[in-house]
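A.B. asks: Here it is: the structure, laid out below.
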Amino acid sequence: MNELEELTKSVGIDWTKVNIIEDAGSTLRVKFGISPDQYLEFAYQDFESNDIHGYVNAISNAKRSSECQLDGFFACIGYTTWNEKFLPQNEKDYINKHSDAVKKKIPAKLKLLNALDVAPLILITKMRSLRNNVEHQYEIPNRNETVEALEIAQYFNAMIQNVLKGFCEQFFIENDFEPKRKLRFAFDAEKHHFDIYGFVEGKDIGNIRVLKGQYNYLELIKLNIAIAKERKRNVNEALYELLQSINCKIPRNKVEVNLK
């Protein structure tokens, strides 16, 4: 039994019908020398030249924009460096279990983005294929393909930015009928860990810390992302995954979340 499993069992929440209450949120950001928006602006300027040279540069800068946005997202949740050959086993296990792209030949970083439900697989694969056609197949892009690349990069970046704008610094999970039993989750955006507190009858019964790279960290990140998106289906699924990771064998269709 891990620490989070032990704490949740001590609190004794009924997971079939819970309230998730967002108490504090913030915008996560990281500064690079050139921002994703600047790269995208360069891409549109290249496109305006209306020739092959401009189209190739536009797609390359659109790619840089999205890669910059992707690296910024992972830096915000603690992954400032990335080496696919030496990924911690927890991250590998999480990707293998939750990504729709496990068997696809795309970087683990994109597989993890998909597993965390930040961007759909169809968008990720489309963005990759447009770039590869120019950079690896040496194909000449036409105007329509370039427009598509710019639109995909813009949409991809916006999806990540929306998640970072609504990231929860703190939220509670409790039951309507017994609000004195609750869990408080607090994310430290600078040190990249979660502090989790348990309350019974209004009294603090203990707390734990889940660090980046530890078991349950990515499940908690996904739940936080789902709350930021404010989509009940995403939250239900993310909570279900978290419960499975702490050996709470509740059926998927029994998990019911009310966002407040």
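Labels for the structure tokens follow display order: chains A, B, ..., residues from 1 in each chain, ligands from 1.
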With segment 137-157 of chain A as the partner and 12 Å as the cut-off, tabulate the residues of segment 5-69 of chain A that qualify, each row holding the nearest pair of atoms and their distance in Å to one decimal, using only C-alpha atoms, sorted by chain and rising number, as CSV.
C.D. replies:
residue,atom,partner,partner_atom,distance
A:Ser35,CA,A:Asn157,CA,11.1
A:Pro36,CA,A:Asn157,CA,7.7
A:Asp37,CA,A:Asn157,CA,8.5
A:Gln38,CA,A:Gln154,CA,11.6
A:Tyr39,CA,A:Ala153,CA,10.3
A:Leu40,CA,A:Gln154,CA,7.5
A:Glu41,CA,A:Leu150,CA,9.8
A:Phe42,CA,A:Leu150,CA,10.7
A:Ala43,CA,A:Leu150,CA,7.4
A:Tyr44,CA,A:Leu150,CA,7.5
A:Gln45,CA,A:Leu150,CA,11.1
A:Asp46,CA,A:Thr146,CA,10.3
A:Phe47,CA,A:Thr146,CA,7.6
A:Glu48,CA,A:Arg143,CA,10.2
A:Ser49,CA,A:Arg143,CA,10.8
A:Asn50,CA,A:Arg143,CA,7.6
A:Asp51,CA,A:Arg143,CA,8.4
A:Ile52,CA,A:Ile140,CA,7.1
A:His53,CA,A:Ile140,CA,9.4
A:Gly54,CA,A:Thr146,CA,9.4
A:Tyr55,CA,A:Thr146,CA,5.9
A:Val56,CA,A:Pro141,CA,6.7
A:Asn57,CA,A:Thr146,CA,9.6
A:Ala58,CA,A:Thr146,CA,7.0
A:Ile59,CA,A:Ala149,CA,6.1
A:Ser60,CA,A:Ala149,CA,9.4
A:Asn61,CA,A:Leu150,CA,9.0
A:Ala62,CA,A:Ala153,CA,5.8
A:Lys63,CA,A:Ala153,CA,7.0
A:Arg64,CA,A:Ala153,CA,9.2
A:Ser65,CA,A:Ala153,CA,7.1
A:Ser66,CA,A:Ala153,CA,5.8
A:Glu67,CA,A:Asn157,CA,9.1
A:Cys68,CA,A:Asn157,CA,9.2
A:Gln69,CA,A:Asn157,CA,6.1
A.B. asks: Can you write just those residues out, C-alpha atoms, as a PDB file, in the first residue's frame?
C.D. replies:
ATOM      1  CA  SER A  35       8.222  32.297 -27.418  1.00  0.00           C
ATOM      2  CA  PRO A  36       5.860  29.904 -29.225  1.00  0.00           C
ATOM      3  CA  ASP A  37       3.766  32.895 -30.328  1.00  0.00           C
ATOM      4  CA  GLN A  38       6.815  34.613 -31.821  1.00  0.00           C
ATOM      5  CA  TYR A  39       7.766  31.516 -33.814  1.00  0.00           C
ATOM      6  CA  LEU A  40       4.199  31.315 -35.081  1.00  0.00           C
ATOM      7  CA  GLU A  41       4.296  34.979 -36.065  1.00  0.00           C
ATOM      8  CA  PHE A  42       7.520  34.289 -38.011  1.00  0.00           C
ATOM      9  CA  ALA A  43       5.692  31.419 -39.735  1.00  0.00           C
ATOM     10  CA  TYR A  44       2.866  33.692 -40.871  1.00  0.00           C
ATOM     11  CA  GLN A  45       5.367  36.282 -42.114  1.00  0.00           C
ATOM     12  CA  ASP A  46       7.125  33.554 -44.118  1.00  0.00           C
ATOM     13  CA  PHE A  47       3.795  32.438 -45.546  1.00  0.00           C
ATOM     14  CA  GLU A  48       3.034  35.926 -46.827  1.00  0.00           C
ATOM     15  CA  SER A  49       5.935  35.706 -49.297  1.00  0.00           C
ATOM     16  CA  ASN A  50       3.662  33.333 -51.244  1.00  0.00           C
ATOM     17  CA  ASP A  51       6.450  31.200 -52.720  1.00  0.00           C
ATOM     18  CA  ILE A  52       8.065  27.803 -52.096  1.00  0.00           C
ATOM     19  CA  HIS A  53      10.847  29.315 -49.995  1.00  0.00           C
ATOM     20  CA  GLY A  54       8.278  31.001 -47.767  1.00  0.00           C
ATOM     21  CA  TYR A  55       6.094  27.895 -47.473  1.00  0.00           C
ATOM     22  CA  VAL A  56       9.017  25.710 -46.385  1.00  0.00           C
ATOM     23  CA  ASN A  57      10.126  28.269 -43.799  1.00  0.00           C
ATOM     24  CA  ALA A  58       6.552  28.748 -42.623  1.00  0.00           C
ATOM     25  CA  ILE A  59       6.135  25.041 -41.897  1.00  0.00           C
ATOM     26  CA  SER A  60       9.540  24.878 -40.181  1.00  0.00           C
ATOM     27  CA  ASN A  61       8.695  27.824 -37.932  1.00  0.00           C
ATOM     28  CA  ALA A  62       5.245  26.397 -37.212  1.00  0.00           C
ATOM     29  CA  LYS A  63       7.012  23.215 -36.093  1.00  0.00           C
ATOM     30  CA  ARG A  64       9.404  25.223 -33.894  1.00  0.00           C
ATOM     31  CA  SER A  65       6.443  27.052 -32.393  1.00  0.00           C
ATOM     32  CA  SER A  66       4.709  23.832 -31.377  1.00  0.00           C
ATOM     33  CA  GLU A  67       7.897  22.208 -30.097  1.00  0.00           C
ATOM     34  CA  CYS A  68       8.612  25.300 -28.020  1.00  0.00           C
ATOM     35  CA  GLN A  69       5.067  25.175 -26.645  1.00  0.00           C
TER      36      GLN A  69
END
A.B. asks: Can you list, as number ranges by chain, every protein, DNA or RNA residue that comes within 7 Å of Ser99 of chain A when you count only C-alpha atoms, leaving out same-chain residues fewer than 5 positions away?
C.D. replies: A: 111-112, 114-115
A.B. asks: Residues within 12 Å of segment 205-215 of chain A, please, as a JSON list (two decimals) with N, CA, C and O atoms, in the first residue's frame. Count only C-alpha atoms; anything in the same chain fewer than 5 positions from it doesn't count.
C.D. replies:
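What landed in around_30.json:
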[["chain", "number", "residue", "atom", "x", "y", "z"],
["A", 1, "MET", "N", 0.85, -1.20, 0.00],
["A", 1, "MET", "CA", 0.00, 0.00, 0.00],
["A", 1, "MET", "C", 0.89, 1.25, 0.00],
["A", 1, "MET", "O", 1.73, 1.40, 0.88],
["A", 2, "ASN", "N", 0.72, 2.13, -1.01],
["A", 2, "ASN", "CA", 1.52, 3.35, -1.00],
["A", 2, "ASN", "C", 0.87, 4.42, -0.12],
["A", 2, "ASN", "O", -0.23, 4.25, 0.40],
["A", 3, "GLU", "N", 1.58, 5.53, 0.06],
["A", 3, "GLU", "CA", 1.13, 6.55, 1.01],
["A", 3, "GLU", "C", -0.21, 7.18, 0.63],
["A", 3, "GLU", "O", -1.06, 7.42, 1.49],
["A", 4, "LEU", "N", -0.40, 7.44, -0.68],
["A", 4, "LEU", "CA", -1.66, 8.04, -1.11],
["A", 4, "LEU", "C", -2.82, 7.07, -0.90],
["A", 4, "LEU", "O", -3.90, 7.47, -0.47],
["A", 5, "GLU", "N", -2.59, 5.82, -1.20],
["A", 5, "GLU", "CA", -3.63, 4.81, -0.97],
["A", 5, "GLU", "C", -4.00, 4.75, 0.51],
["A", 5, "GLU", "O", -5.19, 4.70, 0.87],
["A", 6, "GLU", "N", -3.00, 4.77, 1.37],
["A", 6, "GLU", "CA", -3.24, 4.71, 2.81],
["A", 6, "GLU", "C", -4.02, 5.93, 3.30],
["A", 6, "GLU", "O", -4.95, 5.82, 4.11],
["A", 7, "LEU", "N", -3.64, 7.11, 2.80],
["A", 7, "LEU", "CA", -4.31, 8.34, 3.24],
["A", 7, "LEU", "C", -5.77, 8.37, 2.79],
["A", 7, "LEU", "O", -6.66, 8.72, 3.57],
["A", 8, "THR", "N", -6.03, 8.02, 1.54],
["A", 8, "THR", "CA", -7.41, 8.05, 1.04],
["A", 8, "THR", "C", -8.29, 7.05, 1.77],
["A", 8, "THR", "O", -9.47, 7.33, 2.05],
["A", 9, "LYS", "N", -7.74, 5.91, 2.11],
["A", 9, "LYS", "CA", -8.53, 4.93, 2.86],
["A", 9, "LYS", "C", -8.82, 5.42, 4.27],
["A", 9, "LYS", "O", -9.90, 5.17, 4.82],
["A", 10, "SER", "N", -7.89, 6.15, 4.86],
["A", 10, "SER", "CA", -8.11, 6.70, 6.20],
["A", 10, "SER", "C", -9.21, 7.76, 6.20],
["A", 10, "SER", "O", -9.98, 7.86, 7.15],
["A", 11, "VAL", "N", -9.28, 8.53, 5.13],
["A", 11, "VAL", "CA", -10.32, 9.56, 5.04],
["A", 11, "VAL", "C", -11.69, 8.93, 4.79],
["A", 11, "VAL", "O", -12.70, 9.36, 5.35],
["A", 12, "GLY", "N", -11.75, 7.90, 3.95],
["A", 12, "GLY", "CA", -12.98, 7.16, 3.75],
["A", 12, "GLY", "C", -14.03, 7.84, 2.89],
["A", 12, "GLY", "O", -15.23, 7.79, 3.19],
["A", 74, "PHE", "N", 5.99, 20.87, -20.58],
["A", 74, "PHE", "CA", 6.66, 19.88, -19.74],
["A", 74, "PHE", "C", 7.54, 20.54, -18.68],
["A", 74, "PHE", "O", 7.67, 20.04, -17.57],
["A", 75, "ALA", "N", 8.14, 21.69, -19.02],
["A", 75, "ALA", "CA", 8.93, 22.41, -18.02],
["A", 75, "ALA", "C", 8.03, 22.88, -16.87],
["A", 75, "ALA", "O", 8.44, 22.86, -15.70],
["A", 76, "CYS", "N", 6.81, 23.26, -17.19],
["A", 76, "CYS", "CA", 5.88, 23.74, -16.16],
["A", 76, "CYS", "C", 5.47, 22.65, -15.18],
["A", 76, "CYS", "O", 5.09, 22.94, -14.05],
["A", 77, "ILE", "N", 5.52, 21.39, -15.62],
["A", 77, "ILE", "CA", 5.18, 20.30, -14.69],
["A", 77, "ILE", "C", 6.43, 19.56, -14.21],
["A", 77, "ILE", "O", 6.34, 18.48, -13.63],
["A", 78, "GLY", "N", 7.59, 20.16, -14.46],
["A", 78, "GLY", "CA", 8.81, 19.65, -13.84],
["A", 78, "GLY", "C", 9.79, 18.94, -14.74],
["A", 78, "GLY", "O", 10.88, 18.57, -14.29],
["A", 79, "TYR", "N", 9.46, 18.75, -16.01],
["A", 79, "TYR", "CA", 10.34, 18.01, -16.91],
["A", 79, "TYR", "C", 11.16, 19.00, -17.74],
["A", 79, "TYR", "O", 10.89, 19.22, -18.92],
["A", 80, "THR", "N", 12.17, 19.58, -17.11],
["A", 80, "THR", "CA", 12.98, 20.59, -17.80],
["A", 80, "THR", "C", 13.99, 19.96, -18.75],
["A", 80, "THR", "O", 14.49, 20.61, -19.65],
["A", 87, "LEU", "N", 14.12, 7.50, -19.56],
["A", 87, "LEU", "CA", 12.89, 7.88, -18.87],
["A", 87, "LEU", "C", 12.71, 7.02, -17.63],
["A", 87, "LEU", "O", 12.94, 5.80, -17.68],
["A", 88, "PRO", "N", 12.31, 7.60, -16.49],
["A", 88, "PRO", "CA", 12.02, 6.78, -15.31],
["A", 88, "PRO", "C", 10.94, 5.75, -15.62],
["A", 88, "PRO", "O", 10.06, 5.99, -16.45],
["A", 89, "GLN", "N", 11.01, 4.63, -14.94],
["A", 89, "GLN", "CA", 10.09, 3.54, -15.22],
["A", 89, "GLN", "C", 8.63, 3.94, -15.00],
["A", 89, "GLN", "O", 7.74, 3.49, -15.73],
["A", 90, "ASN", "N", 8.38, 4.80, -14.03],
["A", 90, "ASN", "CA", 7.00, 5.24, -13.79],
["A", 90, "ASN", "C", 6.41, 5.93, -15.01],
["A", 90, "ASN", "O", 5.24, 5.72, -15.36],
["A", 91, "GLU", "N", 7.23, 6.79, -15.67],
["A", 91, "GLU", "CA", 6.77, 7.49, -16.86],
["A", 91, "GLU", "C", 6.54, 6.51, -18.00],
["A", 91, "GLU", "O", 5.54, 6.60, -18.72],
["A", 92, "LYS", "N", 7.46, 5.56, -18.17],
["A", 92, "LYS", "CA", 7.28, 4.56, -19.22],
["A", 92, "LYS", "C", 6.01, 3.75, -19.00],
["A", 92, "LYS", "O", 5.24, 3.51, -19.93],
["A", 93, "ASP", "N", 5.79, 3.33, -17.76],
["A", 93, "ASP", "CA", 4.60, 2.55, -17.45],
["A", 93, "ASP", "C", 3.33, 3.35, -17.70],
["A", 93, "ASP", "O", 2.34, 2.82, -18.22],
["A", 94, "TYR", "N", 3.38, 4.64, -17.35],
["A", 94, "TYR", "CA", 2.20, 5.49, -17.54],
["A", 94, "TYR", "C", 1.86, 5.63, -19.02],
["A", 94, "TYR", "O", 0.71, 5.53, -19.43],
["A", 180, "LYS", "N", -17.23, 16.81, 5.94],
["A", 180, "LYS", "CA", -16.14, 16.87, 6.92],
["A", 180, "LYS", "C", -15.06, 15.84, 6.63],
["A", 180, "LYS", "O", -14.02, 15.83, 7.28],
["A", 181, "ARG", "N", -15.33, 14.94, 5.69],
["A", 181, "ARG", "CA", -14.30, 14.03, 5.20],
["A", 181, "ARG", "C", -13.85, 14.53, 3.84],
["A", 181, "ARG", "O", -14.63, 14.55, 2.90],
["A", 182, "LYS", "N", -12.61, 14.95, 3.76],
["A", 182, "LYS", "CA", -12.16, 15.53, 2.49],
["A", 182, "LYS", "C", -10.66, 15.35, 2.31],
["A", 182, "LYS", "O", -9.92, 15.11, 3.27],
["A", 183, "LEU", "N", -10.24, 15.50, 1.05],
["A", 183, "LEU", "CA", -8.83, 15.51, 0.69],
["A", 183, "LEU", "C", -8.51, 16.86, 0.06],
["A", 183, "LEU", "O", -9.29, 17.36, -0.77],
["A", 184, "ARG", "N", -7.41, 17.44, 0.44],
["A", 184, "ARG", "CA", -6.96, 18.70, -0.18],
["A", 184, "ARG", "C", -5.68, 18.43, -0.95],
["A", 184, "ARG", "O", -4.73, 17.86, -0.41],
["A", 185, "PHE", "N", -5.67, 18.86, -2.21],
["A", 185, "PHE", "CA", -4.53, 18.67, -3.10],
["A", 185, "PHE", "C", -3.94, 20.04, -3.41],
["A", 185, "PHE", "O", -4.65, 20.93, -3.90],
["A", 186, "ALA", "N", -2.66, 20.22, -3.16],
["A", 186, "ALA", "CA", -1.99, 21.49, -3.44],
["A", 186, "ALA", "C", -0.76, 21.23, -4.32],
["A", 186, "ALA", "O", 0.10, 20.41, -3.97],
["A", 187, "PHE", "N", -0.70, 21.91, -5.46],
["A", 187, "PHE", "CA", 0.41, 21.74, -6.40],
["A", 187, "PHE", "C", 1.40, 22.88, -6.23],
["A", 187, "PHE", "O", 1.03, 24.06, -6.27],
["A", 188, "ASP", "N", 2.66, 22.56, -6.05],
["A", 188, "ASP", "CA", 3.73, 23.55, -5.96],
["A", 188, "ASP", "C", 4.33, 23.71, -7.35],
["A", 188, "ASP", "O", 5.04, 22.81, -7.85],
["A", 189, "ALA", "N", 4.04, 24.85, -7.99],
["A", 189, "ALA", "CA", 4.46, 25.06, -9.38],
["A", 189, "ALA", "C", 5.94, 25.34, -9.52],
["A", 189, "ALA", "O", 6.49, 25.25, -10.62],
["A", 190, "GLU", "N", 6.62, 25.68, -8.44],
["A", 190, "GLU", "CA", 8.06, 25.94, -8.50],
["A", 190, "GLU", "C", 8.87, 24.68, -8.25],
["A", 190, "GLU", "O", 9.87, 24.42, -8.94],
["A", 191, "LYS", "N", 8.43, 23.87, -7.28],
["A", 191, "LYS", "CA", 9.19, 22.67, -6.92],
["A", 191, "LYS", "C", 8.61, 21.40, -7.53],
["A", 191, "LYS", "O", 9.20, 20.33, -7.42],
["A", 192, "HIS", "N", 7.42, 21.52, -8.15],
["A", 192, "HIS", "CA", 6.80, 20.43, -8.90],
["A", 192, "HIS", "C", 6.53, 19.20, -8.03],
["A", 192, "HIS", "O", 7.11, 18.13, -8.23],
["A", 193, "HIS", "N", 5.66, 19.40, -7.08],
["A", 193, "HIS", "CA", 5.17, 18.28, -6.29],
["A", 193, "HIS", "C", 3.75, 18.60, -5.80],
["A", 193, "HIS", "O", 3.31, 19.75, -5.84],
["A", 194, "PHE", "N", 3.07, 17.57, -5.37],
["A", 194, "PHE", "CA", 1.75, 17.71, -4.77],
["A", 194, "PHE", "C", 1.85, 17.44, -3.27],
["A", 194, "PHE", "O", 2.46, 16.45, -2.85],
["A", 195, "ASP", "N", 1.23, 18.30, -2.48],
["A", 195, "ASP", "CA", 1.01, 18.03, -1.07],
["A", 195, "ASP", "C", -0.46, 17.68, -0.91],
["A", 195, "ASP", "O", -1.35, 18.42, -1.37],
["A", 196, "ILE", "N", -0.74, 16.57, -0.25],
["A", 196, "ILE", "CA", -2.11, 16.07, -0.12],
["A", 196, "ILE", "C", -2.42, 15.91, 1.36],
["A", 196, "ILE", "O", -1.65, 15.26, 2.10],
["A", 197, "TYR", "N", -3.54, 16.49, 1.79],
["A", 197, "TYR", "CA", -3.93, 16.50, 3.19],
["A", 197, "TYR", "C", -5.26, 15.78, 3.35],
["A", 197, "TYR", "O", -6.18, 15.96, 2.54],
["A", 198, "GLY", "N", -5.38, 15.01, 4.41],
["A", 198, "GLY", "CA", -6.62, 14.31, 4.71],
["A", 198, "GLY", "C", -7.30, 14.91, 5.92],
["A", 198, "GLY", "O", -6.64, 15.26, 6.91],
["A", 199, "PHE", "N", -8.64, 15.04, 5.83],
["A", 199, "PHE", "CA", -9.42, 15.61, 6.94],
["A", 199, "PHE", "C", -10.59, 14.69, 7.26],
["A", 199, "PHE", "O", -11.30, 14.23, 6.36],
["A", 200, "VAL", "N", -10.79, 14.44, 8.56],
["A", 200, "VAL", "CA", -11.95, 13.69, 9.04],
["A", 200, "VAL", "C", -12.56, 14.47, 10.19],
["A", 200, "VAL", "O", -11.84, 14.84, 11.14],
["A", 220, "LEU", "N", -2.04, 12.49, -10.90],
["A", 220, "LEU", "CA", -2.48, 13.75, -10.29],
["A", 220, "LEU", "C", -2.39, 14.91, -11.28],
["A", 220, "LEU", "O", -3.26, 15.79, -11.30],
["A", 221, "ILE", "N", -1.34, 14.93, -12.11],
["A", 221, "ILE", "CA", -1.23, 15.96, -13.14],
["A", 221, "ILE", "C", -2.41, 15.86, -14.10],
["A", 221, "ILE", "O", -3.02, 16.88, -14.47],
["A", 242, "LEU", "N", -6.71, 7.63, -11.40],
["A", 242, "LEU", "CA", -6.04, 7.83, -10.11],
["A", 242, "LEU", "C", -6.47, 6.77, -9.11],
["A", 242, "LEU", "O", -5.64, 6.20, -8.39],
["A", 245, "SER", "N", -4.83, 3.52, -9.69],
["A", 245, "SER", "CA", -3.42, 3.50, -9.30],
["A", 245, "SER", "C", -3.23, 3.32, -7.80],
["A", 245, "SER", "O", -2.13, 2.99, -7.35],
["A", 246, "ILE", "N", -4.29, 3.56, -7.01],
["A", 246, "ILE", "CA", -4.18, 3.36, -5.56],
["A", 246, "ILE", "C", -5.04, 2.17, -5.13],
["A", 246, "ILE", "O", -5.47, 2.08, -3.98]]
A.B. asks: Using only C-alpha atoms, which protein or nucleic acid residues come within 12 Å of Pro107 of chain A? Drop anything in the same chain fewer than 3 positions from it, and give the result as a list of chain:residue names.
C.D. replies: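 Non-adjacent residues within range: A:Glu67, A:Leu70, A:Trp82, A:Asn83, A:Glu84, A:Lys85, A:Leu87, A:Ile95, A:Ser99, A:Ala101, A:Val102, A:Lys103, A:Lys104, A:Leu110, A:Lys111, A:Leu112, A:Leu113, A:Asn114, A:Ile124, A:Thr125, A:Arg128.
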A.B. asks: Given only C-alpha atoms as the basis, pick out the residue of A:Ala228, A:Leu116, A:Leu239, A:Leu223 nearest to Val163 of chain A.
C.D. replies: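 When distances to Val163 of chain A are compared using only C-alpha atoms, the smallest one comes from A:Ala228.
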A.B. asks: Out of A:Phe73, A:Tyr240, A:Phe32, A:Tyr217, which residue has the shortest atom-to-atom distance to Lys17 of chain A when counting only C-alpha atoms?
C.D. replies: A:Tyr240
A.B. asks: Identify all residues of segment 1-165 of chain A in strand (DSSP E or B) (DSSP on the backbone) and supply them as a PyMOL selection string.
C.D. replies: chain A and resi 18-26
A.B. asks: Next, the residues of the selection above should be written as a short mmCIF file (atom, residue, chain, number, x, y, z; two decimals), in the first residue's frame with all heavy atoms.
C.D. replies:
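Dumped everything to out_20.cif:
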data_model
loop_
_atom_site.label_atom_id
_atom_site.label_comp_id
_atom_site.auth_asym_id
_atom_site.auth_seq_id
_atom_site.Cartn_x
_atom_site.Cartn_y
_atom_site.Cartn_z
N VAL A 18 -18.67 12.27 -5.84
CA VAL A 18 -17.83 13.24 -5.12
C VAL A 18 -17.94 14.62 -5.75
O VAL A 18 -18.26 14.77 -6.93
CB VAL A 18 -16.34 12.80 -5.10
CG1 VAL A 18 -16.17 11.48 -4.37
CG2 VAL A 18 -15.78 12.72 -6.52
N ASN A 19 -17.65 15.61 -4.95
CA ASN A 19 -17.50 16.99 -5.42
C ASN A 19 -16.01 17.29 -5.52
O ASN A 19 -15.24 16.93 -4.62
CB ASN A 19 -18.13 17.98 -4.44
CG ASN A 19 -19.63 17.80 -4.32
OD1 ASN A 19 -20.31 17.44 -5.27
ND2 ASN A 19 -20.15 18.03 -3.12
N ILE A 20 -15.63 17.93 -6.61
CA ILE A 20 -14.27 18.47 -6.72
C ILE A 20 -14.40 19.99 -6.76
O ILE A 20 -15.08 20.55 -7.62
CB ILE A 20 -13.55 17.96 -7.98
CG1 ILE A 20 -13.28 16.45 -7.86
CG2 ILE A 20 -12.23 18.70 -8.18
CD1 ILE A 20 -12.49 15.85 -9.00
N ILE A 21 -13.78 20.62 -5.79
CA ILE A 21 -13.91 22.07 -5.62
C ILE A 21 -12.56 22.72 -5.86
O ILE A 21 -11.59 22.48 -5.12
CB ILE A 21 -14.40 22.40 -4.20
CG1 ILE A 21 -15.72 21.65 -3.90
CG2 ILE A 21 -14.58 23.90 -4.02
CD1 ILE A 21 -16.04 21.55 -2.44
N GLU A 22 -12.48 23.51 -6.93
CA GLU A 22 -11.24 24.24 -7.21
C GLU A 22 -11.16 25.45 -6.31
O GLU A 22 -12.05 26.31 -6.31
CB GLU A 22 -11.18 24.67 -8.68
CG GLU A 22 -9.88 25.32 -9.05
CD GLU A 22 -9.79 25.70 -10.52
OE1 GLU A 22 -10.71 25.36 -11.28
OE2 GLU A 22 -8.80 26.33 -10.89
N ASP A 23 -10.09 25.51 -5.52
CA ASP A 23 -9.96 26.58 -4.53
C ASP A 23 -9.03 27.69 -5.00
O ASP A 23 -9.19 28.84 -4.63
CB ASP A 23 -9.45 26.00 -3.20
CG ASP A 23 -9.47 27.01 -2.07
OD1 ASP A 23 -10.55 27.58 -1.81
OD2 ASP A 23 -8.41 27.25 -1.46
N ALA A 24 -8.04 27.35 -5.80
CA ALA A 24 -7.10 28.36 -6.29
C ALA A 24 -6.48 27.87 -7.58
O ALA A 24 -6.17 26.70 -7.74
CB ALA A 24 -6.01 28.63 -5.25
N GLY A 25 -6.31 28.79 -8.52
CA GLY A 25 -5.71 28.46 -9.81
C GLY A 25 -4.71 29.50 -10.23
O GLY A 25 -4.68 30.61 -9.68
N SER A 26 -3.88 29.15 -11.19
CA SER A 26 -2.88 30.10 -11.67
C SER A 26 -2.51 29.76 -13.10
O SER A 26 -2.89 28.71 -13.63
CB SER A 26 -1.62 30.07 -10.80
OG SER A 26 -1.01 28.80 -10.89
#
A.B. asks: At what distance in Å, to one decimal, does atom CA of Cys168 of chain A lie from atom CA of Asn224 of chain A?
C.D. replies: 6.1 Å
A.B. asks: Rank nothing, just name the residue among A:Val118, A:Leu243, A:Ile106, A:Leu218 nearest to Leu164 of chain A, using only C-alpha atoms.
C.D. replies: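 Closest candidate: A:Val118.
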A.B. asks: Could you pull out all residues of segment 221-258 of chain A with a DSSP call of alpha helix (DSSP H) and give them as JSON, numbers by chain?
C.D. replies: {"A": [221, 222, 223, 224, 225, 226, 227, 228, 229, 232, 233, 234, 235, 236, 237, 238, 239, 240, 241, 242, 243, 244, 245]}
A.B. asks: From the set A:Thr81, A:Thr27, A:Ser129, A:Thr16, which residue has the shortest atom-to-atom contact distance to Ile160 of chain A, counting only C-alpha atoms?
C.D. replies: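 Using only C-alpha atoms, the shortest distance to Ile160 of chain A belongs to A:Thr27.
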A.B. asks: How many Å separate atom CA of Asn216 of chain A from atom CA of Lys31 of chain A?
C.D. replies: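 Distance between the two atoms: 27.6 Å.
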A.B. asks: Could you tell me which of A:Met127, A:Phe172, A:Asp100, A:Gln161 comes closest to Val30 of chain A if we count only C-alpha atoms?
C.D. replies: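 Looking only at the distances to Val30 of chain A, the closest residue turns out to be A:Gln161.
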